[in-house]
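Text of upload.pdb, listed as PDB, C-alpha atoms and all ligand atoms:
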MODEL        1
ATOM      1  CA  MET A  26       0.000   0.000   0.000
ATOM      2  CA  SER A  27       1.491   3.365  -1.000
ATOM      3  CA  LEU A  28       0.873   6.324   1.279
ATOM      4  CA  SER A  29      -1.104   9.480   0.603
ATOM      5  CA  THR A  30       0.713  12.756   1.223
ATOM      6  CA  GLU A  31      -2.375  14.520   2.603
ATOM      7  CA  THR A  32      -2.067  15.726   6.187
ATOM      8  CA  PHE A  33      -4.618  14.865   8.844
ATOM      9  CA  THR A  34      -5.536  15.345  12.502
ATOM     10  CA  ASP A  35      -2.657  15.266  14.934
ATOM     11  CA  ILE A  36      -2.582  11.929  16.681
ATOM     12  CA  CYS A  37       0.352   9.954  18.042
ATOM     13  CA  ILE A  38       1.430   6.316  18.345
ATOM     14  CA  ALA A  39       1.757   4.657  21.763
ATOM     15  CA  ASN A  40       5.105   2.992  22.356
ATOM     16  CA  THR A  41       3.680  -0.193  23.919
ATOM     17  CA  TYR A  42       5.317  -2.328  21.202
ATOM     18  CA  PRO A  43       8.385  -0.349  20.022
ATOM     19  CA  GLU A  44       9.176  -2.897  17.278
ATOM     20  CA  LYS A  45       5.796  -2.030  15.740
ATOM     21  CA  SER A  46       5.375   1.617  16.736
ATOM     22  CA  GLN A  47       8.752   2.839  15.420
ATOM     23  CA  PRO A  48       8.272   1.702  11.790
ATOM     24  CA  LEU A  49       4.625   2.873  11.756
ATOM     25  CA  SER A  50       5.673   6.251  13.172
ATOM     26  CA  LYS A  51       8.118   6.637  10.250
ATOM     27  CA  GLN A  52       5.631   5.337   7.683
ATOM     28  CA  LEU A  53       2.784   7.635   8.776
ATOM     29  CA  ASN A  54       5.026  10.518   9.860
ATOM     30  CA  LEU A  55       3.371  10.536  13.295
ATOM     31  CA  SER A  56       5.214  11.066  16.567
ATOM     32  CA  ILE A  57       5.431   8.555  19.394
ATOM     33  CA  CYS A  58       3.123   9.691  22.250
ATOM     34  CA  SER A  59       4.982  11.546  24.953
ATOM     35  CA  GLU A  60       2.149  12.925  27.119
ATOM     36  CA  SER A  61      -0.988  11.380  28.596
ATOM     37  CA  ASN A  62      -3.357  14.246  27.802
ATOM     38  CA  ILE A  63      -4.163  13.223  24.233
ATOM     39  CA  GLU A  64      -7.506  12.811  22.466
ATOM     40  CA  GLN A  65      -6.806   9.974  20.018
ATOM     41  CA  TRP A  66      -3.838   7.676  19.526
ATOM     42  CA  LEU A  67      -2.865   4.436  17.774
ATOM     43  CA  ASP A  68      -1.899   1.351  19.749
ATOM     44  CA  TRP A  69      -1.933  -2.436  19.349
ATOM     45  CA  VAL A  70      -4.541  -4.294  21.350
ATOM     46  CA  ASN A  71      -4.526  -7.938  22.205
ATOM     47  CA  ASP A  72      -7.394 -10.110  21.009
ATOM     48  CA  LYS A  73      -8.135 -12.343  24.001
ATOM     49  CA  LYS A  74      -9.722 -15.022  21.773
ATOM     50  CA  ASP A  75      -6.756 -15.743  19.532
ATOM     51  CA  SER A  76      -3.988 -13.596  21.113
ATOM     52  CA  THR A  77      -3.326 -11.646  17.886
ATOM     53  CA  LEU A  78      -2.303  -7.991  18.116
ATOM     54  CA  LYS A  79      -4.546  -5.578  16.246
ATOM     55  CA  LEU A  80      -3.776  -2.001  15.359
ATOM     56  CA  ALA A  81      -6.459   0.150  17.013
ATOM     57  CA  LEU A  82      -7.544   3.761  17.052
ATOM     58  CA  CYS A  83      -7.917   4.577  20.742
ATOM     59  CA  SER A  84      -9.589   7.429  22.568
ATOM     60  CA  LYS A  85     -10.645   8.055  26.143
ATOM     61  CA  LYS A  86     -14.280   8.416  24.997
ATOM     62  CA  GLN A  87     -14.720   5.285  22.868
ATOM     63  CA  GLY A  88     -12.012   2.792  23.756
ATOM     64  CA  PRO A  89     -10.062   0.942  21.050
ATOM     65  CA  VAL A  90     -11.510   0.596  17.542
ATOM     66  CA  SER A  91      -9.880  -1.895  15.198
ATOM     67  CA  ILE A  92     -11.061  -3.585  12.003
ATOM     68  CA  ASP A  93     -11.744  -7.294  11.701
ATOM     69  CA  PHE A  94     -12.867  -8.946   8.514
ATOM     70  CA  LEU A  95     -13.174 -12.502   9.745
ATOM     71  CA  SER A  96     -14.935 -12.113  13.079
ATOM     72  CA  GLY A  97     -17.158  -9.715  14.997
ATOM     73  CA  LYS A  98     -19.571  -7.275  13.361
ATOM     74  CA  LYS A  99     -18.320  -7.626   9.785
ATOM     75  CA  ALA A 100     -18.595 -11.420   9.887
ATOM     76  CA  HIS A 101     -22.083 -11.047  11.375
ATOM     77  CA  ARG A 102     -23.147  -8.606   8.647
ATOM     78  CA  ARG A 103     -21.750 -10.976   5.993
ATOM     79  CA  GLN A 104     -23.785 -13.858   7.401
ATOM     80  CA  PHE A 105     -27.019 -12.102   8.325
ATOM     81  CA  GLY A 106     -27.001  -8.813   6.371
ATOM     82  CA  GLY A 107     -29.467  -9.927   3.680
ATOM     83  CA  GLY A 108     -27.138 -11.301   0.975
ATOM     84  CA  LYS A 109     -27.772 -10.272  -2.625
ATOM     85  CA  GLY A 110     -31.205  -8.812  -1.778
ATOM     86  CA  GLN A 111     -29.875  -5.984   0.395
ATOM     87  CA  PRO A 112     -30.194  -2.455  -1.060
ATOM     88  CA  LEU A 113     -26.396  -1.849  -1.182
ATOM     89  CA  VAL A 114     -25.901  -4.932  -3.347
ATOM     90  CA  ARG A 115     -28.916  -4.288  -5.600
ATOM     91  CA  ALA A 116     -27.612  -0.756  -6.195
ATOM     92  CA  MET A 117     -24.447  -2.189  -7.805
ATOM     93  CA  GLY A 118     -26.504  -3.641 -10.696
ATOM     94  CA  GLN A 119     -25.628  -6.573 -12.939
ATOM     95  CA  LEU A 120     -23.617  -6.942 -16.109
ATOM     96  CA  GLU A 121     -24.260  -9.536 -18.817
ATOM     97  CA  GLN A 122     -20.637 -10.652 -18.599
ATOM     98  CA  GLY A 123     -20.695 -11.173 -14.796
ATOM     99  CA  VAL A 124     -20.505  -9.168 -11.593
ATOM    100  CA  PRO A 125     -19.229  -5.584 -11.942
ATOM    101  CA  LYS A 126     -15.729  -4.609 -10.786
ATOM    102  CA  ILE A 127     -16.063  -2.028  -8.016
ATOM    103  CA  ILE A 128     -14.003   0.796  -6.550
ATOM    104  CA  ASP A 129     -15.141   1.800  -3.069
ATOM    105  CA  ALA A 130     -13.869   5.392  -3.224
ATOM    106  CA  THR A 131     -14.599   6.096   0.466
ATOM    107  CA  ALA A 132     -13.536   2.851   2.133
ATOM    108  CA  GLY A 133     -13.644   4.049   5.775
ATOM    109  CA  MET A 134     -13.760   1.027   8.088
ATOM    110  CA  GLY A 135     -14.294  -1.321   5.138
ATOM    111  CA  GLY A 136     -17.807  -2.459   6.148
ATOM    112  CA  ASP A 137     -19.539  -1.914   2.820
ATOM    113  CA  SER A 138     -16.498  -3.151   0.852
ATOM    114  CA  TYR A 139     -16.462  -6.377   2.805
ATOM    115  CA  VAL A 140     -20.180  -7.059   2.259
ATOM    116  CA  LEU A 141     -19.636  -6.645  -1.492
ATOM    117  CA  ALA A 142     -16.430  -8.714  -1.522
ATOM    118  CA  SER A 143     -18.140 -11.515   0.364
ATOM    119  CA  LEU A 144     -20.838 -11.635  -2.348
ATOM    120  CA  GLY A 145     -18.288 -12.132  -5.112
ATOM    121  CA  PHE A 146     -17.508  -8.565  -6.254
ATOM    122  CA  LYS A 147     -13.843  -7.597  -6.761
ATOM    123  CA  VAL A 148     -13.511  -4.444  -4.658
ATOM    124  CA  GLN A 149     -10.638  -1.977  -4.643
ATOM    125  CA  MET A 150     -10.876   0.076  -1.457
ATOM    126  CA  ILE A 151      -9.512   3.621  -1.591
ATOM    127  CA  GLU A 152      -9.139   5.600   1.624
ATOM    128  CA  ARG A 153      -7.443   8.979   1.909
ATOM    129  CA  SER A 154      -6.773   9.105   5.649
ATOM    130  CA  PRO A 155      -3.389   7.400   6.166
ATOM    131  CA  ILE A 156      -4.522   6.430   9.673
ATOM    132  CA  VAL A 157      -7.767   4.776   8.540
ATOM    133  CA  ALA A 158      -5.831   3.161   5.667
ATOM    134  CA  ALA A 159      -3.318   1.787   8.222
ATOM    135  CA  LEU A 160      -6.217   0.205  10.184
ATOM    136  CA  LEU A 161      -7.582  -1.341   6.978
ATOM    137  CA  ASN A 162      -4.128  -2.539   5.968
ATOM    138  CA  ASP A 163      -3.627  -4.151   9.379
ATOM    139  CA  ALA A 164      -6.996  -5.963   9.106
ATOM    140  CA  LEU A 165      -6.321  -7.104   5.550
ATOM    141  CA  THR A 166      -2.812  -8.328   6.431
ATOM    142  CA  ARG A 167      -4.140 -10.300   9.422
ATOM    143  CA  ALA A 168      -6.913 -11.803   7.286
ATOM    144  CA  ILE A 169      -4.467 -12.783   4.512
ATOM    145  CA  GLN A 170      -2.153 -14.384   7.095
ATOM    146  CA  SER A 171      -4.994 -16.527   8.356
ATOM    147  CA  LEU A 172      -5.850 -17.814   4.873
ATOM    148  CA  ASP A 173      -5.215 -21.504   5.274
ATOM    149  CA  ALA A 174      -6.936 -24.763   4.593
ATOM    150  CA  ASP A 175      -9.019 -24.485   7.796
ATOM    151  CA  LEU A 176     -10.756 -21.298   6.680
ATOM    152  CA  PRO A 177     -14.028 -21.919   4.761
ATOM    153  CA  ALA A 178     -13.593 -21.378   1.002
ATOM    154  CA  GLU A 179     -16.137 -18.509   0.895
ATOM    155  CA  LEU A 180     -14.191 -16.559   3.540
ATOM    156  CA  GLN A 181     -10.934 -17.058   1.643
ATOM    157  CA  GLU A 182     -12.586 -15.775  -1.521
ATOM    158  CA  SER A 183     -14.021 -12.706   0.268
ATOM    159  CA  ILE A 184     -10.569 -11.652   1.456
ATOM    160  CA  GLN A 185      -8.987 -12.317  -1.935
ATOM    161  CA  ASN A 186     -11.589 -10.033  -3.530
ATOM    162  CA  LEU A 187     -10.318  -7.022  -1.542
ATOM    163  CA  SER A 188      -7.399  -4.680  -2.265
ATOM    164  CA  LEU A 189      -6.431  -1.322  -0.771
ATOM    165  CA  VAL A 190      -4.963   2.001  -1.906
ATOM    166  CA  ASN A 191      -4.246   4.996   0.343
ATOM    167  CA  ALA A 192      -5.033   8.037  -1.791
ATOM    168  CA  ASN A 193      -7.513  10.786  -2.429
ATOM    169  CA  SER A 194      -9.940   8.990  -4.762
ATOM    170  CA  ALA A 195     -10.736  12.050  -6.888
ATOM    171  CA  ASP A 196      -7.039  12.450  -7.765
ATOM    172  CA  TYR A 197      -6.473   8.705  -8.065
ATOM    173  CA  LEU A 198      -9.370   8.254 -10.507
ATOM    174  CA  LEU A 199      -8.423  11.188 -12.709
ATOM    175  CA  ASN A 200      -4.684  10.366 -12.740
ATOM    176  CA  ASN A 201      -4.949   6.590 -13.212
ATOM    177  CA  GLN A 202      -8.203   6.164 -15.164
ATOM    178  CA  PRO A 203      -8.701   2.624 -13.734
ATOM    179  CA  ASP A 204     -10.778   0.096 -15.655
ATOM    180  CA  VAL A 205     -13.789  -0.073 -13.303
ATOM    181  CA  ASP A 206     -17.500  -0.749 -13.761
ATOM    182  CA  VAL A 207     -19.002   0.734 -10.594
ATOM    183  CA  ILE A 208     -17.654   3.467  -8.327
ATOM    184  CA  TYR A 209     -19.274   3.534  -4.903
ATOM    185  CA  MET A 210     -19.091   6.501  -2.516
ATOM    186  CA  ASP A 211     -20.302   6.869   1.064
ATOM    187  CA  PRO A 212     -19.011  10.271   2.181
ATOM    188  CA  MET A 213     -19.191  11.367   5.835
ATOM    189  CA  TYR A 214     -21.997  13.826   6.297
ATOM    190  CA  PRO A 215     -21.980  16.584   8.885
ATOM    191  CA  GLU A 216     -23.090  15.300  12.290
ATOM    192  CA  LYS A 217     -26.689  16.224  13.168
ATOM    193  CA  LYS A 218     -27.164  17.669  16.656
ATOM    194  CA  LYS A 219     -30.157  15.518  17.580
ATOM    195  CA  LYS A 220     -29.025  12.350  15.811
ATOM    196  CA  ALA A 221     -29.013   9.132  17.816
ATOM    197  CA  ALA A 222     -25.494   8.284  18.952
ATOM    198  CA  ALA A 223     -23.495   6.967  15.990
ATOM    199  CA  LYS A 224     -21.950   3.523  16.290
ATOM    200  CA  LYS A 225     -18.571   3.385  18.042
ATOM    201  CA  GLU A 226     -16.666   2.894  14.736
ATOM    202  CA  MET A 227     -18.437   5.826  13.104
ATOM    203  CA  GLN A 228     -17.886   8.077  16.141
ATOM    204  CA  ALA A 229     -14.162   7.342  16.011
ATOM    205  CA  LEU A 230     -14.128   8.098  12.262
ATOM    206  CA  GLN A 231     -16.085  11.329  12.743
ATOM    207  CA  GLN A 232     -13.598  12.469  15.375
ATOM    208  CA  LEU A 233     -10.638  11.523  13.182
ATOM    209  CA  VAL A 234     -11.580  12.695   9.681
ATOM    210  CA  GLY A 235     -14.595  15.015  10.210
ATOM    211  CA  PRO A 236     -17.227  15.627   7.513
ATOM    212  CA  ASP A 237     -16.262  15.200   3.846
ATOM    213  CA  LEU A 238     -16.832  18.626   2.335
ATOM    214  CA  ASP A 239     -15.508  17.853  -1.145
ATOM    215  CA  SER A 240     -17.825  15.033  -2.263
ATOM    216  CA  GLU A 241     -18.799  17.120  -5.295
ATOM    217  CA  LYS A 242     -15.263  16.825  -6.690
ATOM    218  CA  LEU A 243     -15.211  13.067  -6.062
ATOM    219  CA  LEU A 244     -18.608  12.562  -7.745
ATOM    220  CA  GLU A 245     -17.414  14.406 -10.855
ATOM    221  CA  ALA A 246     -14.226  12.296 -11.042
ATOM    222  CA  ALA A 247     -16.274   9.111 -10.498
ATOM    223  CA  LEU A 248     -18.735  10.013 -13.272
ATOM    224  CA  LYS A 249     -15.828  10.598 -15.659
ATOM    225  CA  THR A 250     -14.244   7.217 -14.787
ATOM    226  CA  ALA A 251     -16.890   4.524 -14.138
ATOM    227  CA  LYS A 252     -17.975   2.483 -17.166
ATOM    228  CA  TYR A 253     -21.368   1.318 -15.873
ATOM    229  CA  ARG A 254     -22.609   3.323 -12.874
ATOM    230  CA  VAL A 255     -21.775   5.486  -9.869
ATOM    231  CA  VAL A 256     -23.588   4.795  -6.606
ATOM    232  CA  VAL A 257     -23.721   7.349  -3.783
ATOM    233  CA  LYS A 258     -24.982   6.479  -0.306
ATOM    234  CA  ARG A 259     -27.014   9.276   1.300
ATOM    235  CA  PRO A 260     -28.993   9.578   4.524
ATOM    236  CA  LYS A 261     -32.752   9.316   4.019
ATOM    237  CA  GLY A 262     -34.194  12.724   3.089
ATOM    238  CA  ALA A 263     -30.813  14.316   2.208
ATOM    239  CA  ASP A 264     -30.306  16.061  -1.131
ATOM    240  CA  PRO A 265     -28.223  14.219  -3.734
ATOM    241  CA  VAL A 266     -24.551  15.273  -3.794
ATOM    242  CA  TYR A 267     -24.384  18.447  -5.909
ATOM    243  CA  CYS A 268     -22.710  17.925  -9.288
ATOM    244  CA  ALA A 269     -21.400  21.038 -11.046
ATOM    245  CA  LEU A 270     -20.951  19.015 -14.252
ATOM    246  CA  ASN A 271     -24.199  19.834 -16.150
ATOM    247  CA  ASN A 272     -26.037  19.693 -12.793
ATOM    248  CA  ILE A 273     -26.258  15.908 -13.263
ATOM    249  CA  GLN A 274     -28.955  14.279 -11.093
ATOM    250  CA  PRO A 275     -29.262  10.611 -10.092
ATOM    251  CA  SER A 276     -30.962   8.389 -12.709
ATOM    252  CA  SER A 277     -32.753   6.394  -9.979
ATOM    253  CA  ASN A 278     -32.371   5.342  -6.379
ATOM    254  CA  ILE A 279     -32.883   2.429  -4.017
ATOM    255  CA  SER A 280     -34.103   3.232  -0.504
ATOM    256  CA  SER A 281     -33.876   1.447   2.807
ATOM    257  CA  PRO A 282     -35.298   2.726   6.139
ATOM    258  CA  ASN A 283     -32.446   5.167   6.958
ATOM    259  CA  THR A 284     -30.451   5.238   3.735
ATOM    260  CA  ARG A 285     -30.848   6.012   0.053
ATOM    261  CA  TYR A 286     -28.513   4.809  -2.707
ATOM    262  CA  ASP A 287     -28.440   7.330  -5.566
ATOM    263  CA  ILE A 288     -27.604   5.625  -8.863
ATOM    264  CA  TYR A 289     -26.032   7.427 -11.836
ATOM    265  CA  VAL A 290     -26.241   5.305 -14.994
ATOM    266  CA  ILE A 291     -23.284   6.165 -17.250
ATOM    267  CA  LYS A 292     -24.815   4.894 -20.515
ATOM    268  CA  ALA A 293     -27.944   7.043 -20.017
ATOM    269  CA  LEU A 294     -25.889  10.135 -19.091
ATOM    270  CA  LYS A 295     -23.732   9.679 -22.193
ATOM    271  CA  ALA A 296     -26.795   9.134 -24.409
ATOM    272  CA  SER A 297     -28.354  12.381 -23.135
ATOM    273  CA  GLY A 298     -25.108  14.295 -23.784
ATOM    274  CA  GLN A 299     -24.654  15.207 -20.095
ATOM    275  CA  LEU A 300     -21.380  13.272 -19.892
TER
HETATM  276  C1  LIG A 401     -18.628   7.394   6.013
HETATM  277  S1  LIG A 401     -16.995   6.794   5.866
HETATM  278  C2  LIG A 401     -17.225   5.354   4.868
HETATM  279  C3  LIG A 401     -17.707   4.183   5.652
HETATM  280  C4  LIG A 401     -17.653   2.891   4.857
HETATM  281  N1  LIG A 401     -18.629   2.861   3.799
HETATM  282  C5  LIG A 401     -17.809   1.684   5.768
HETATM  283  O1  LIG A 401     -18.667   0.841   5.503
HETATM  284  O2  LIG A 401     -17.031   1.565   6.731
HETATM  285  C6  LIG A 401     -16.217   7.872   4.712
HETATM  286  C7  LIG A 401     -14.729   7.600   4.533
HETATM  287  O3  LIG A 401     -14.371   8.067   3.233
HETATM  288  C8  LIG A 401     -13.125   8.700   3.278
HETATM  289  N2  LIG A 401     -13.098   9.640   2.132
HETATM  290  C9  LIG A 401     -13.904  10.704   1.915
HETATM  291  N3  LIG A 401     -13.612  11.324   0.766
HETATM  292  C10 LIG A 401     -12.580  10.625   0.216
HETATM  293  C11 LIG A 401     -11.821  10.783  -0.971
HETATM  294  N4  LIG A 401     -12.040  11.789  -1.812
HETATM  295  N5  LIG A 401     -10.853   9.881  -1.222
HETATM  296  C12 LIG A 401     -10.620   8.853  -0.372
HETATM  297  N6  LIG A 401     -11.283   8.673   0.795
HETATM  298  C13 LIG A 401     -12.262   9.543   1.083
HETATM  299  C14 LIG A 401     -13.094   9.372   4.647
HETATM  300  O4  LIG A 401     -11.753   9.607   5.058
HETATM  301  C15 LIG A 401     -13.808   8.326   5.509
HETATM  302  O5  LIG A 401     -12.904   7.408   6.056
ENDMDL
END
Translate the structure described by the file into structure tokens.
Ligand SMILES: C[S@@+](CC[C@H](N)C(=O)[O-])C[C@H]1O[C@@H](n2cnc3c(N)ncnc32)[C@H](O)[C@@H]1O
Amino acid sequence: MSLSTETFTDICIANTYPEKSQPLSKQLNLSICSESNIEQWLDWVNDKKDSTLKLALCSKKQGPVSIDFLSGKKAHRRQFGGGKGQPLVRAMGQLEQGVPKIIDATAGMGGDSYVLASLGFKVQMIERSPIVAALLNDALTRAIQSLDADLPAELQESIQNLSLVNANSADYLLNNQPDVDVIYMDPMYPEKKKKAAAKKEMQALQQLVGPDLDSEKLLEAALKTAKYRVVVKRPKGADPVYCALNNIQPSSNISSPNTRYDIYVIKALKASGQL
């Protein structure tokens, strides 16, 4: 995984495991923690079940947050999340020649990417925060290391369907013009005052990266790159992401109780001359 040069919130790395913290401090250009009065920091936490060390984003408010593809919430969502019938999956569409290749341009904690990967889609995750990307990289590395004959074939396939890049997706798409069918985006929206408490993972992300105020730029880059469709996840009732390019609007959407997936069909936009 190559590293993005964007700068982010000041957090430090605990020196609990110097053999791990020193190289990560160099890689992410973050200092080793020297005082106790800090808001968020990175550390390795021990998984009591299998004694593996996991890189975690820690804070006094939420406790450690790490990513796990093979157990915990993501495994639960894979098993019980509704399979191919769930709105996220239906929003990706179908191609005559097989399942579409996907870029998840806002990978975050990898939840949506993993659902798609576990249903057979090849998913390239792109995340611009080097810290979030380091958490994803740690989870992916651990999952790849545990790929052995004992792991069920469908779990092995899910992990092999995932890859990761640390970059700003708008720049990455425009500079590399990847061959991709669907580009998926789930930008962070500004926190609502009266909203029910976000899940622990999302709270940690909100504190770390804040709202994404440049989704417009990413949508434009995605529309210029995807071959089949762009899908944008929005909260129920929110406006579509504004698109300065011909004021393009979603072609259709798929709704679930709290979420709407706005779908931009590339063929239709090209046929109407908007793209
Ligand atoms: C709401 S979270 C995504 C959550 C994700 N769908 C999941 O299931 O865990 C949004 C993430 O997208 C990242 N992001 C936003 N804009 C981006 C961009 N232009 N390029 C890369 N990452 C971006 C943010 O840093 C944040 O981690």
Using all atoms listed in the file, I'd like a table of the residues in chain A that come within 6 Å of ligand LIG 401 (chain A); for each, show the closest atom pair and its distance in Å rounded to one decimal, ordered by chain and ascending number, as a Markdown table.
| residue | atom | partner | partner_atom | distance |
| --- | --- | --- | --- | --- |
| A:Ala130 | CA | A:LIG401 | C12 | 5.5 |
| A:Thr131 | CA | A:LIG401 | O3 | 3.4 |
| A:Ala132 | CA | A:LIG401 | C4 | 4.9 |
| A:Gly133 | CA | A:LIG401 | O5 | 3.5 |
| A:Met134 | CA | A:LIG401 | O2 | 3.6 |
| A:Gly135 | CA | A:LIG401 | O2 | 4.3 |
| A:Gly136 | CA | A:LIG401 | O1 | 3.5 |
| A:Asp137 | CA | A:LIG401 | O1 | 3.9 |
| A:Ile151 | CA | A:LIG401 | C12 | 5.5 |
| A:Glu152 | CA | A:LIG401 | N6 | 3.8 |
| A:Arg153 | CA | A:LIG401 | C12 | 3.9 |
| A:Ser154 | CA | A:LIG401 | O4 | 5.0 |
| A:Ala192 | CA | A:LIG401 | C12 | 5.8 |
| A:Asn193 | CA | A:LIG401 | N5 | 3.7 |
| A:Ser194 | CA | A:LIG401 | N5 | 3.8 |
| A:Ala195 | CA | A:LIG401 | N4 | 5.2 |
| A:Asp211 | CA | A:LIG401 | C2 | 5.1 |
| A:Pro212 | CA | A:LIG401 | C6 | 4.5 |
| A:Met213 | CA | A:LIG401 | C1 | 4.0 |
| A:Val234 | CA | A:LIG401 | O4 | 5.6 |
| A:Asp237 | CA | A:LIG401 | C9 | 5.4 |
| A:Leu243 | CA | A:LIG401 | N4 | 5.5 |
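Counting all atoms listed in the file and comparing A:Leu141, A:Ser281, A:Lys252, A:Ala269, the residue that lies closest to Asp239 in chain A is A:Ala269.
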Which distance in Å separates CA of Ser84 in chain A and CA of Gln65 in chain A, to one decimal? 4.6 Å
What are the closest atom pairs, with distances in Å to one decimal, for each residue of range 176-285 of chain A lying within 12 Å of range 67-82 of chain A, using all atoms listed in the file, rows by chain and rising residue number, as a tab-separated table?
residue	atom	partner	partner_atom	distance
A:Lys225	CA	A:Leu82	CA	11.1
A:Glu226	CA	A:Leu82	CA	9.5
A:Met227	CA	A:Leu82	CA	11.8
A:Gln228	CA	A:Leu82	CA	11.2
A:Ala229	CA	A:Leu82	CA	7.6
A:Leu230	CA	A:Leu82	CA	9.2
A:Gln232	CA	A:Leu82	CA	10.7
A:Leu233	CA	A:Leu82	CA	9.2
Expanded to explicit residues, what is the PyMOL selection byres (((chain A and resi 171) around 12) and not hetatm) for this file, as an MDAnalysis selection string? chainID A and resid 75 77 93:96 164:170 172:177 180:181 184:185
Can I get the selection written as an mmCIF file, keeping the file's coordinate frame, with C-alpha atoms?
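Output below, filename again_24.cif:
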data_model
loop_
_atom_site.group_PDB
_atom_site.id
_atom_site.type_symbol
_atom_site.label_atom_id
_atom_site.label_comp_id
_atom_site.auth_asym_id
_atom_site.auth_seq_id
_atom_site.Cartn_x
_atom_site.Cartn_y
_atom_site.Cartn_z
ATOM 1 C CA ASP A 75 -6.756 -15.743 19.532
ATOM 2 C CA THR A 77 -3.326 -11.646 17.886
ATOM 3 C CA ASP A 93 -11.744 -7.294 11.701
ATOM 4 C CA PHE A 94 -12.867 -8.946 8.514
ATOM 5 C CA LEU A 95 -13.174 -12.502 9.745
ATOM 6 C CA SER A 96 -14.935 -12.113 13.079
ATOM 7 C CA ALA A 164 -6.996 -5.963 9.106
ATOM 8 C CA LEU A 165 -6.321 -7.104 5.550
ATOM 9 C CA THR A 166 -2.812 -8.328 6.431
ATOM 10 C CA ARG A 167 -4.140 -10.300 9.422
ATOM 11 C CA ALA A 168 -6.913 -11.803 7.286
ATOM 12 C CA ILE A 169 -4.467 -12.783 4.512
ATOM 13 C CA GLN A 170 -2.153 -14.384 7.095
ATOM 14 C CA LEU A 172 -5.850 -17.814 4.873
ATOM 15 C CA ASP A 173 -5.215 -21.504 5.274
ATOM 16 C CA ALA A 174 -6.936 -24.763 4.593
ATOM 17 C CA ASP A 175 -9.019 -24.485 7.796
ATOM 18 C CA LEU A 176 -10.756 -21.298 6.680
ATOM 19 C CA PRO A 177 -14.028 -21.919 4.761
ATOM 20 C CA LEU A 180 -14.191 -16.559 3.540
ATOM 21 C CA GLN A 181 -10.934 -17.058 1.643
ATOM 22 C CA ILE A 184 -10.569 -11.652 1.456
ATOM 23 C CA GLN A 185 -8.987 -12.317 -1.935
#
Rounded to one decimal place, report the CA of Pro89 in chain A-CA of Ser61 in chain A distance in Å.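 About the pair CA of Pro89 in chain A and CA of Ser61 in chain A: they are 15.8 Å apart.
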Work out how far apart CA of Asp287 in chain A and CA of Lys258 in chain A are and give it in Å to one decimal.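 Pair CA of Asp287 in chain A / CA of Lys258 in chain A returns 6.4 Å.
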Between A:Leu244, A:Ile57, A:Val124, A:Val148, which is the closest to Tyr42 in chain A once you count all atoms listed in the file?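 Ranking A:Leu244, A:Ile57, A:Val124, A:Val148 by distance to Tyr42 in chain A, first place goes to A:Ile57.
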Taking into account only C-alpha atoms, which residue in the set A:Pro48, A:Gly110, A:Gly118, A:Pro215 is nearest to Ser240 in chain A? A:Pro215
Selection near Ser183 in chain A, 8 Å with all atoms listed in the file, sequence-local residues under 2 positions removed, as a count of residues only: 11
Considering only C-alpha atoms, state which residue in the set A:Asp163, A:Asp206, A:Asp35, A:Glu241 is at the smallest distance from Leu120 in chain A.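 Selected residue with least distance to Leu120 in chain A: A:Asp206.
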Shortest interatomic distance to Val90 in chain A - which of A:Leu160, A:Gln122, A:Asp204, A:Ile127, counting only C-alpha atoms: A:Leu160
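With distances restricted to all atoms listed in the file, A:Tyr253 is the closest residue to Val290 in chain A from A:Phe146, A:Tyr253, A:Tyr209, A:Tyr267.
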Reconstructed range 123-132 of chain A, atom set N, CA and C atoms, as a JSON list (two decimals), in the coordinates of the input:
[["chain", "number", "residue", "atom", "x", "y", "z"],
["A", 123, "GLY", "N", -21.05, -10.80, -16.17],
["A", 123, "GLY", "CA", -20.70, -11.17, -14.80],
["A", 123, "GLY", "C", -20.84, -10.02, -13.83],
["A", 124, "VAL", "N", -20.33, -10.22, -12.60],
["A", 124, "VAL", "CA", -20.50, -9.17, -11.59],
["A", 124, "VAL", "C", -19.57, -7.98, -11.89],
["A", 125, "PRO", "N", -20.08, -6.75, -11.67],
["A", 125, "PRO", "CA", -19.23, -5.58, -11.94],
["A", 125, "PRO", "C", -18.01, -5.48, -11.03],
["A", 126, "LYS", "N", -16.92, -4.91, -11.59],
["A", 126, "LYS", "CA", -15.73, -4.61, -10.79],
["A", 126, "LYS", "C", -15.99, -3.28, -10.09],
["A", 127, "ILE", "N", -15.68, -3.21, -8.80],
["A", 127, "ILE", "CA", -16.06, -2.03, -8.02],
["A", 127, "ILE", "C", -14.85, -1.31, -7.42],
["A", 128, "ILE", "N", -14.92, 0.02, -7.40],
["A", 128, "ILE", "CA", -14.00, 0.80, -6.55],
["A", 128, "ILE", "C", -14.86, 1.40, -5.45],
["A", 129, "ASP", "N", -14.50, 1.12, -4.19],
["A", 129, "ASP", "CA", -15.14, 1.80, -3.07],
["A", 129, "ASP", "C", -14.26, 3.02, -2.78],
["A", 130, "ALA", "N", -14.72, 4.19, -3.25],
["A", 130, "ALA", "CA", -13.87, 5.39, -3.22],
["A", 130, "ALA", "C", -13.81, 6.05, -1.85],
["A", 131, "THR", "N", -14.61, 5.56, -0.90],
["A", 131, "THR", "CA", -14.60, 6.10, 0.47],
["A", 131, "THR", "C", -14.61, 4.90, 1.43],
["A", 132, "ALA", "N", -13.51, 4.17, 1.48],
["A", 132, "ALA", "CA", -13.54, 2.85, 2.13],
["A", 132, "ALA", "C", -13.84, 2.90, 3.62]]
